[in-house]
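Enquirer: You'll find structure_4.txt just under this line, and it carries compact mmCIF, C-alpha atoms.
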```txt
# COMPACT_ATOMS: atom_id res chain seq x y z
CA MET A 23 114.05 65.15 -137.03
CA PRO A 24 115.10 68.43 -135.36
CA ASP A 25 118.17 68.37 -133.15
CA GLU A 26 116.94 68.17 -129.54
CA ARG A 27 120.36 68.65 -128.04
CA VAL A 28 121.13 71.51 -125.71
CA ALA A 29 123.19 74.11 -127.58
CA PHE A 30 124.79 76.04 -124.71
CA ILE A 31 125.45 75.72 -121.00
CA VAL A 32 126.46 78.25 -118.37
CA ALA A 33 128.98 75.90 -116.76
CA GLY A 34 130.54 78.00 -114.00
CA VAL A 35 131.04 79.23 -111.38
CA GLN A 36 129.01 78.85 -108.19
CA LYS A 37 128.34 82.19 -106.44
CA GLY A 38 129.59 83.89 -109.60
CA GLY A 39 126.51 85.69 -110.88
CA THR A 40 125.05 82.80 -112.88
CA THR A 41 121.57 83.29 -111.40
CA ALA A 42 121.51 86.91 -112.57
CA LEU A 43 122.80 85.87 -115.99
CA PHE A 44 120.12 83.17 -116.31
CA ASP A 45 117.52 85.75 -115.32
CA TYR A 46 118.68 88.08 -118.10
CA LEU A 47 118.73 85.22 -120.60
CA GLY A 48 115.11 84.44 -119.77
CA GLU A 49 114.18 87.62 -121.64
CA GLU A 50 115.81 86.49 -124.90
CA ALA A 51 113.22 85.39 -127.46
CA GLY A 52 115.70 83.18 -129.29
CA LEU A 53 116.34 80.88 -126.34
CA ALA A 54 114.48 77.89 -124.90
CA LEU A 55 115.84 77.67 -121.35
CA SER A 56 115.32 74.81 -118.93
CA GLY A 57 112.40 75.25 -116.55
CA ASP A 58 114.78 75.10 -113.58
CA LYS A 59 118.07 76.91 -113.66
CA GLU A 60 120.33 74.11 -112.37
CA LEU A 61 119.62 70.67 -113.81
CA HIS A 62 122.66 68.86 -112.35
CA PHE A 63 122.61 66.26 -115.10
CA PHE A 64 126.24 66.03 -116.15
CA ASP A 65 127.52 66.02 -112.55
CA ASP A 66 125.24 63.12 -111.60
CA ASP A 67 127.58 60.19 -110.95
CA ALA A 68 124.61 57.81 -110.62
CA VAL A 69 123.92 58.01 -114.38
CA ASP A 70 125.23 55.12 -116.48
CA TRP A 71 127.65 57.25 -118.49
CA ALA A 72 128.69 54.29 -120.63
CA ARG A 73 125.14 54.30 -122.05
CA PRO A 74 123.51 57.60 -121.02
CA ASP A 75 119.82 58.14 -121.68
CA TYR A 76 119.27 61.80 -122.52
CA ARG A 77 115.48 61.66 -122.78
CA ALA A 78 114.83 62.72 -119.17
CA TYR A 79 117.33 65.56 -119.61
CA HIS A 80 115.65 66.83 -122.78
CA ALA A 81 112.26 66.65 -121.08
CA ARG A 82 113.39 69.45 -118.75
CA PHE A 83 113.30 71.93 -121.65
CA PRO A 84 110.42 73.47 -123.59
CA PRO A 85 110.11 72.65 -127.30
CA ALA A 86 112.96 74.31 -129.13
CA ASP A 87 110.87 75.51 -132.11
CA GLY A 88 114.00 76.81 -133.77
CA ARG A 89 115.34 78.34 -130.56
CA LEU A 90 118.57 77.42 -128.79
CA ARG A 91 118.19 75.21 -125.76
CA GLY A 92 120.30 76.19 -122.77
CA GLU A 93 120.74 75.66 -119.05
CA ALA A 94 122.99 76.85 -116.21
CA THR A 95 124.57 74.46 -113.72
CA PRO A 96 127.71 76.14 -112.38
CA ILE A 97 129.22 73.05 -110.78
CA TYR A 98 129.93 71.59 -114.23
CA LEU A 99 133.21 73.50 -114.52
CA TYR A 100 134.42 72.09 -111.19
CA TRP A 101 132.96 68.59 -110.83
CA PRO A 102 135.13 65.71 -112.15
CA GLY A 103 133.87 64.21 -115.37
CA SER A 104 131.18 66.80 -116.07
CA LEU A 105 132.95 68.57 -118.93
CA GLU A 106 133.98 65.28 -120.51
CA ARG A 107 130.35 64.10 -120.40
CA ILE A 108 129.20 67.35 -122.00
CA ALA A 109 131.79 66.96 -124.78
CA ALA A 110 130.57 63.41 -125.47
CA TYR A 111 126.94 64.61 -125.51
CA ASN A 112 127.48 67.55 -127.86
CA PRO A 113 130.98 68.32 -129.19
CA ALA A 114 129.59 71.59 -130.64
CA MET A 115 128.31 72.76 -127.23
CA LYS A 116 128.96 76.40 -126.41
CA LEU A 117 130.15 76.96 -122.85
CA VAL A 118 129.69 80.20 -120.91
CA VAL A 119 131.83 80.66 -117.81
CA MET A 120 131.02 83.43 -115.33
CA LEU A 121 133.99 84.16 -113.08
CA ARG A 122 134.05 86.21 -109.89
CA ASP A 123 137.01 87.34 -107.79
CA PRO A 124 137.89 83.99 -106.17
CA VAL A 125 138.31 85.54 -102.73
CA ALA A 126 134.85 87.13 -102.82
CA ARG A 127 133.47 83.91 -104.30
CA ALA A 128 134.91 81.79 -101.47
CA TRP A 129 133.51 84.14 -98.82
CA SER A 130 130.07 84.15 -100.45
CA HIS A 131 130.13 80.36 -100.79
CA TRP A 132 130.99 79.94 -97.09
CA LYS A 133 128.21 82.33 -96.05
CA MET A 134 125.70 80.30 -98.07
CA GLU A 135 126.73 77.00 -96.50
CA PHE A 136 126.87 78.54 -93.02
CA ALA A 137 123.43 80.12 -93.41
CA ARG A 138 121.83 76.82 -94.40
CA GLY A 139 123.54 74.90 -91.61
CA ALA A 140 125.82 72.73 -93.76
CA GLU A 141 128.93 74.48 -92.37
CA MET A 142 129.61 74.86 -88.66
CA HIS A 143 133.22 76.07 -88.75
CA PRO A 144 134.46 79.67 -89.13
CA PHE A 145 135.67 80.87 -92.51
CA ALA A 146 139.28 81.36 -91.35
CA TRP A 147 139.51 77.68 -90.35
CA CYS A 148 137.73 76.48 -93.48
CA ILE A 149 140.18 78.09 -95.91
CA ARG A 150 143.18 76.78 -94.00
CA GLN A 151 142.89 73.56 -91.97
CA GLY A 152 139.41 72.83 -93.31
CA ARG A 153 140.73 72.10 -96.78
CA GLN A 154 141.95 68.75 -95.47
CA ARG A 155 138.33 67.58 -95.35
CA LEU A 156 138.36 67.17 -99.10
CA PHE A 157 140.94 64.39 -98.86
CA ALA A 158 138.38 62.29 -97.00
CA ALA A 159 135.64 63.06 -99.55
CA GLU A 160 134.23 60.88 -102.31
CA PRO A 161 135.28 61.46 -105.05
CA TRP A 162 138.67 62.12 -103.48
CA GLY A 163 139.73 65.76 -103.33
CA VAL A 164 136.41 67.40 -104.26
CA HIS A 165 133.36 68.39 -102.27
CA ARG A 166 130.03 69.98 -103.14
CA GLU A 167 129.76 72.07 -99.97
CA PHE A 168 133.24 72.60 -98.52
CA SER A 169 135.14 73.48 -101.73
CA TYR A 170 135.44 77.19 -100.86
CA VAL A 171 139.07 77.46 -101.97
CA GLU A 172 139.20 74.74 -104.60
CA ARG A 173 136.45 76.13 -106.82
CA GLY A 174 138.50 79.32 -107.17
CA PHE A 175 141.35 77.71 -109.11
CA TYR A 176 139.95 79.08 -112.35
CA GLY A 177 143.09 78.77 -114.44
CA GLU A 178 143.27 75.04 -113.82
CA GLN A 179 139.58 74.57 -114.67
CA ILE A 180 139.72 76.71 -117.83
CA GLU A 181 142.80 74.83 -119.00
CA ARG A 182 140.87 71.57 -118.66
CA LEU A 183 137.92 73.10 -120.49
CA ASN A 184 140.17 74.27 -123.33
CA GLY A 185 141.48 70.74 -123.69
CA LEU A 186 137.97 69.50 -124.46
CA PHE A 187 136.42 72.31 -126.52
CA PRO A 188 137.77 74.72 -129.16
CA ARG A 189 138.32 78.16 -127.70
CA GLU A 190 135.77 79.68 -130.07
CA GLN A 191 133.13 77.60 -128.22
CA VAL A 192 134.01 79.11 -124.84
CA LEU A 193 133.05 82.56 -123.56
CA VAL A 194 134.46 83.85 -120.26
CA LEU A 195 132.66 86.71 -118.52
CA ARG A 196 133.24 88.48 -115.20
CA ALA A 197 130.48 88.70 -112.61
CA GLU A 198 131.73 92.12 -111.57
CA ASP A 199 131.23 93.45 -115.11
CA LEU A 200 127.73 92.01 -115.42
CA ARG A 201 126.70 93.51 -112.10
CA ALA A 202 128.12 96.98 -112.77
CA ASP A 203 126.84 97.33 -116.33
CA PRO A 204 125.12 94.29 -117.88
CA GLY A 205 124.92 95.75 -121.39
CA PRO A 206 128.42 94.98 -122.70
CA SER A 207 128.56 91.48 -121.19
CA LEU A 208 125.13 90.57 -122.56
CA ALA A 209 126.05 91.98 -125.97
CA ARG A 210 129.10 89.69 -126.03
CA LEU A 211 126.94 86.76 -125.02
CA ARG A 212 124.33 87.46 -127.70
CA ALA A 213 127.04 87.62 -130.35
CA PHE A 214 128.57 84.41 -129.01
CA LEU A 215 125.21 82.60 -129.28
CA GLY A 216 124.29 84.19 -132.61
CA LEU A 217 121.30 86.09 -131.22
CA THR A 218 119.88 89.33 -132.55
CA PRO A 219 121.29 92.44 -130.79
CA SER A 220 118.89 94.16 -128.41
CA ALA A 221 118.81 97.02 -125.93
CA ALA A 222 120.78 96.69 -122.71
CA PRO A 223 118.64 95.98 -119.63
CA SER A 224 118.89 97.88 -116.37
CA PRO A 225 121.16 96.33 -113.71
CA ARG A 226 119.35 94.12 -111.21
CA GLU A 227 120.16 92.18 -108.07
CA VAL A 228 119.26 88.50 -108.15
CA HIS A 229 119.77 85.87 -105.44
CA VAL A 230 121.40 88.18 -102.90
CA GLY A 231 122.94 86.43 -99.88
CA GLN A 232 120.97 86.07 -96.67
CA GLU A 233 121.35 88.85 -94.11
CA MET A 234 122.31 87.36 -90.75
CA ASP A 235 125.04 87.32 -88.10
CA TYR A 236 127.78 85.09 -89.48
CA GLY A 237 129.91 85.55 -86.37
CA ALA A 238 132.87 86.78 -88.42
CA GLN A 239 133.99 89.15 -91.13
CA LEU A 240 136.29 88.67 -94.08
CA THR A 241 139.61 89.85 -92.65
CA ASP A 242 142.68 91.33 -94.35
CA GLU A 243 144.60 88.25 -93.19
CA ASP A 244 142.10 85.95 -94.90
CA VAL A 245 142.29 87.98 -98.11
CA ALA A 246 146.10 87.96 -98.11
CA HIS A 247 146.16 84.23 -97.43
CA LEU A 248 143.84 83.47 -100.34
CA ARG A 249 145.64 85.83 -102.72
CA ALA A 250 148.84 83.91 -101.98
CA VAL A 251 147.10 80.54 -102.46
CA TYR A 252 145.69 81.67 -105.80
CA ALA A 253 148.74 83.56 -107.11
CA ARG A 254 150.10 80.92 -109.47
CA ASP A 255 146.67 79.91 -110.75
CA ALA A 256 145.69 83.56 -111.23
CA ALA A 257 148.70 84.01 -113.50
CA ARG A 258 147.62 80.95 -115.48
CA LEU A 259 144.11 82.38 -115.83
CA ARG A 260 145.48 85.68 -117.16
CA ASP A 261 147.63 83.83 -119.69
CA LEU A 262 144.67 81.76 -120.90
CA THR A 263 141.90 84.37 -120.91
CA GLY A 264 143.30 87.82 -120.12
CA VAL A 265 140.97 87.92 -117.11
CA GLY A 266 142.35 89.01 -113.76
CA PHE A 267 141.15 89.81 -110.25
CA GLY A 268 142.52 91.54 -107.18
```
Would you mind writing the structure in this file as structure tokens?
Expert:
Amino acid sequence: MPDERVAFIVAGVQKGGTTALFDYLGEEAGLALSGDKELHFFDDDAVDWARPDYRAYHARFPPADGRLRGEATPIYLYWPGSLERIAAYNPAMKLVVMLRDPVARAWSHWKMEFARGAEMHPFAWCIRQGRQRLFAAEPWGVHREFSYVERGFYGEQIERLNGLFPREQVLVLRAEDLRADPGPSLARLRAFLGLTPSAAPSPREVHVGQEMDYGAQLTDEDVAHLRAVYARDAARLRDLTGVGFG
């Protein structure tokens, strides 16, 4: 019987260019991608993870027919237990992590939540006093909407990832590189997945943030504050991956 398991996942990060990457991957003949980009299977705490049933998950994909099955749910890198569940499902899984400058990521994340009405507080408050909201969340210390700062601790998340998967099964890309010139990043990804090389596509904009009055701008004070918050973790990220921002 052919192996139905998913072979690769784009596991991070939210507001980090994963929609554009998934769009590019949709043009690869050697891939069988999920019908929806984000399946939110491994971050579903309602699943009986002692005896998981993967049939409903596999049904979200077209027949593999020799192609690699893949999906992109960027919360997997951040949400507790997700990476461990992926490792139990397929120890040979290849993980792609798209990172974006954590300051720009936090600002973009806040704008998304503000635009859809989930967030009512200004960005400056959210990245300072607002972080206390996560200590009243369930699970404790994490939040799907209000984790503007916390999702940007990339070094901590990559270190956890490296503790579960061999480094040769992990590829880290930068959203800024994909946006400026997708060719080199996609060439690295094809090589990582064992796909046939192909011509570089033209850059495209996918899932651009909503244009509206957010009542505030990203200030120099906010940027300086976040750079200081992320300083130690940013050093850890550089040590682990060679990737840096700011």
Enquirer: Restricting the calculation to all atoms listed in the file, which member of A:Ala94, A:Ala257, A:Ala158, A:Ala209 is positioned closest to A:Ile31?
Expert: A:Ala94
Enquirer: Which of these residues is nearest to A:Glu181, using all atoms listed in the file: A:Phe136, A:Phe168, A:Tyr100, A:Phe145?
Expert: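 Selected residue with least distance to A:Glu181: A:Tyr100.
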Enquirer: Name all residues at most 12 Å from A:Gly163 (count all atoms listed in the file; drop same-chain ones fewer than 4 positions away) and give them as a PDB file with C-alpha atoms, in the frame of the given file.
Expert:
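Produced file result.pdb, reproduced below:
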```pdb
ATOM      1  CA  TYR A 100     134.420  72.090-111.190  1.00  0.00           C
ATOM      2  CA  TRP A 101     132.960  68.590-110.830  1.00  0.00           C
ATOM      3  CA  PRO A 102     135.130  65.710-112.150  1.00  0.00           C
ATOM      4  CA  ARG A 153     140.730  72.100 -96.780  1.00  0.00           C
ATOM      5  CA  GLN A 154     141.950  68.750 -95.470  1.00  0.00           C
ATOM      6  CA  ARG A 155     138.330  67.580 -95.350  1.00  0.00           C
ATOM      7  CA  LEU A 156     138.360  67.170 -99.100  1.00  0.00           C
ATOM      8  CA  PHE A 157     140.940  64.390 -98.860  1.00  0.00           C
ATOM      9  CA  ALA A 158     138.380  62.290 -97.000  1.00  0.00           C
ATOM     10  CA  ALA A 159     135.640  63.060 -99.550  1.00  0.00           C
ATOM     11  CA  PHE A 168     133.240  72.600 -98.520  1.00  0.00           C
ATOM     12  CA  SER A 169     135.140  73.480-101.730  1.00  0.00           C
ATOM     13  CA  VAL A 171     139.070  77.460-101.970  1.00  0.00           C
ATOM     14  CA  GLU A 172     139.200  74.740-104.600  1.00  0.00           C
ATOM     15  CA  ARG A 173     136.450  76.130-106.820  1.00  0.00           C
TER      16      ARG A 173
END
```
Enquirer: Quick one: pull the distance between atom CA of A:Gln151 and atom CA of A:His62, Å, one decimal.
Expert: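 Taking atom CA of A:Gln151 and atom CA of A:His62, their separation equals 29.1 Å.
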Enquirer: Here's a test: counting only C-alpha atoms, identify every protein, DNA and RNA residue with an atom at most 10 Å from (126.2, 83.8, -88.2) in the file's coordinate frame, and state them as a short mmCIF file (atom, residue, chain, number, x, y, z; two decimals) with C-alpha atoms, keeping the file's coordinate frame.
Expert:
```cif
data_model
loop_
_atom_site.label_atom_id
_atom_site.label_comp_id
_atom_site.auth_asym_id
_atom_site.auth_seq_id
_atom_site.Cartn_x
_atom_site.Cartn_y
_atom_site.Cartn_z
CA LYS A 133 128.21 82.33 -96.05
CA PHE A 136 126.87 78.54 -93.02
CA ALA A 137 123.43 80.12 -93.41
CA GLY A 139 123.54 74.90 -91.61
CA MET A 142 129.61 74.86 -88.66
CA PRO A 144 134.46 79.67 -89.13
CA GLU A 233 121.35 88.85 -94.11
CA MET A 234 122.31 87.36 -90.75
CA ASP A 235 125.04 87.32 -88.10
CA TYR A 236 127.78 85.09 -89.48
CA GLY A 237 129.91 85.55 -86.37
CA ALA A 238 132.87 86.78 -88.42
CA GLN A 239 133.99 89.15 -91.13
#
```
Enquirer: Leaving out A:Ala222 and any residue of its chain fewer than 5 positions from it, which residues lie within 9 Å of it when counting only C-alpha atoms, given as number ranges by chain?
Expert: A: 203-206, 208-209
Enquirer: Give the answer as one residue: which of A:Leu193, A:Ile108, A:Val245, A:Val251 has the shortest atom-to-atom distance to A:Gly268, using only C-alpha atoms?
Expert: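 So, comparing all the options, the nearest one is A:Val245.
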Enquirer: Check the smallest atom-to-atom distance from each of A:Arg107, A:Leu90, A:Arg166, A:Ala140 to A:Arg73 using all atoms listed in the file, then report the winner.
Expert: A:Arg107
Enquirer: Which one of A:Arg260, A:His143, A:Arg212, A:Arg138 sits closest to A:Phe30 if you count all atoms listed in the file?
Expert: A:Arg212
Enquirer: Counting only C-alpha atoms, which of A:Leu47, A:Ala29, A:Val119, A:Met134 gets nearest to A:Ala86?
Expert: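 The answer is A:Ala29, which sits nearest to A:Ala86.
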Enquirer: When you look at A:Gln191 with a cut-off of 12 Å (counting all atoms listed in the file), what residues show up, excluding the ones that are within fewer than 4 positions of it in the same chain? I need them as a list in words.
Expert: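 The contact residues come out as Ala29, Phe30, Ile31, Val32, Ala109, Asn112, Pro113, Ala114, Met115, Lys116, Leu117, Val118, Val119, Leu183, Asn184, Gly185, Leu186, Phe187, Leu211, Ala213, Phe214, Leu215 and Gly216 of chain A.
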Enquirer: Every residue with an atom at most 8 Å from (127.8, 73.3, -115.8) (file coordinates; all atoms listed in the file) is what I'm after, so could you write them as a list of chain:residue names?
Expert: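 The distance filter leaves exactly A:Ile31, A:Val32, A:Ala33, A:Gly34, A:His62, A:Phe64, A:Asp65, A:Ala94, A:Thr95, A:Pro96, A:Ile97, A:Tyr98, A:Leu99, A:Ser104, A:Leu105.
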Enquirer: I need the chosen residues saved as a CSV table (one decimal), in the coordinates of the input, with C-alpha atoms.
Expert:
```csv
chain,number,residue,atom,x,y,z
A,31,ILE,CA,125.4,75.7,-121.0
A,32,VAL,CA,126.5,78.2,-118.4
A,33,ALA,CA,129.0,75.9,-116.8
A,34,GLY,CA,130.5,78.0,-114.0
A,62,HIS,CA,122.7,68.9,-112.4
A,64,PHE,CA,126.2,66.0,-116.2
A,65,ASP,CA,127.5,66.0,-112.6
A,94,ALA,CA,123.0,76.8,-116.2
A,95,THR,CA,124.6,74.5,-113.7
A,96,PRO,CA,127.7,76.1,-112.4
A,97,ILE,CA,129.2,73.0,-110.8
A,98,TYR,CA,129.9,71.6,-114.2
A,99,LEU,CA,133.2,73.5,-114.5
A,104,SER,CA,131.2,66.8,-116.1
A,105,LEU,CA,133.0,68.6,-118.9
```
Enquirer: Hey, could you pull the box centre and edge lengths for stretch 196-199 of chain A, axis-aligned, 5 Å padding per side, all listed atoms, to one decimal in Å, as AutoDock Vina command-line options?
Expert:
```
--center_x 131.9 --center_y 91.0 --center_z -113.4 --size_x 12.8 --size_y 15.0 --size_z 13.6
```
Enquirer: Could you state the separation of atom CA of A:Asp70 and atom CA of A:Val35 in Å, given to one decimal place?
Expert: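 Interatomic distance, atom CA of A:Asp70 to atom CA of A:Val35: 25.3 Å.
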Enquirer: Just give me the gap between atom CA of A:Ser220 and atom CA of A:Gly92 in Å, one decimal is fine.
Expert: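 These atoms are spaced 18.9 Å apart.
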Enquirer: Tell me which protein, DNA and RNA residues are within 6 Å of A:Ser56, counting all atoms listed in the file, leaving out same-chain ones fewer than 3 positions away, and put them as a PyMOL selection string.
Expert: chain A and resi 82-83+93
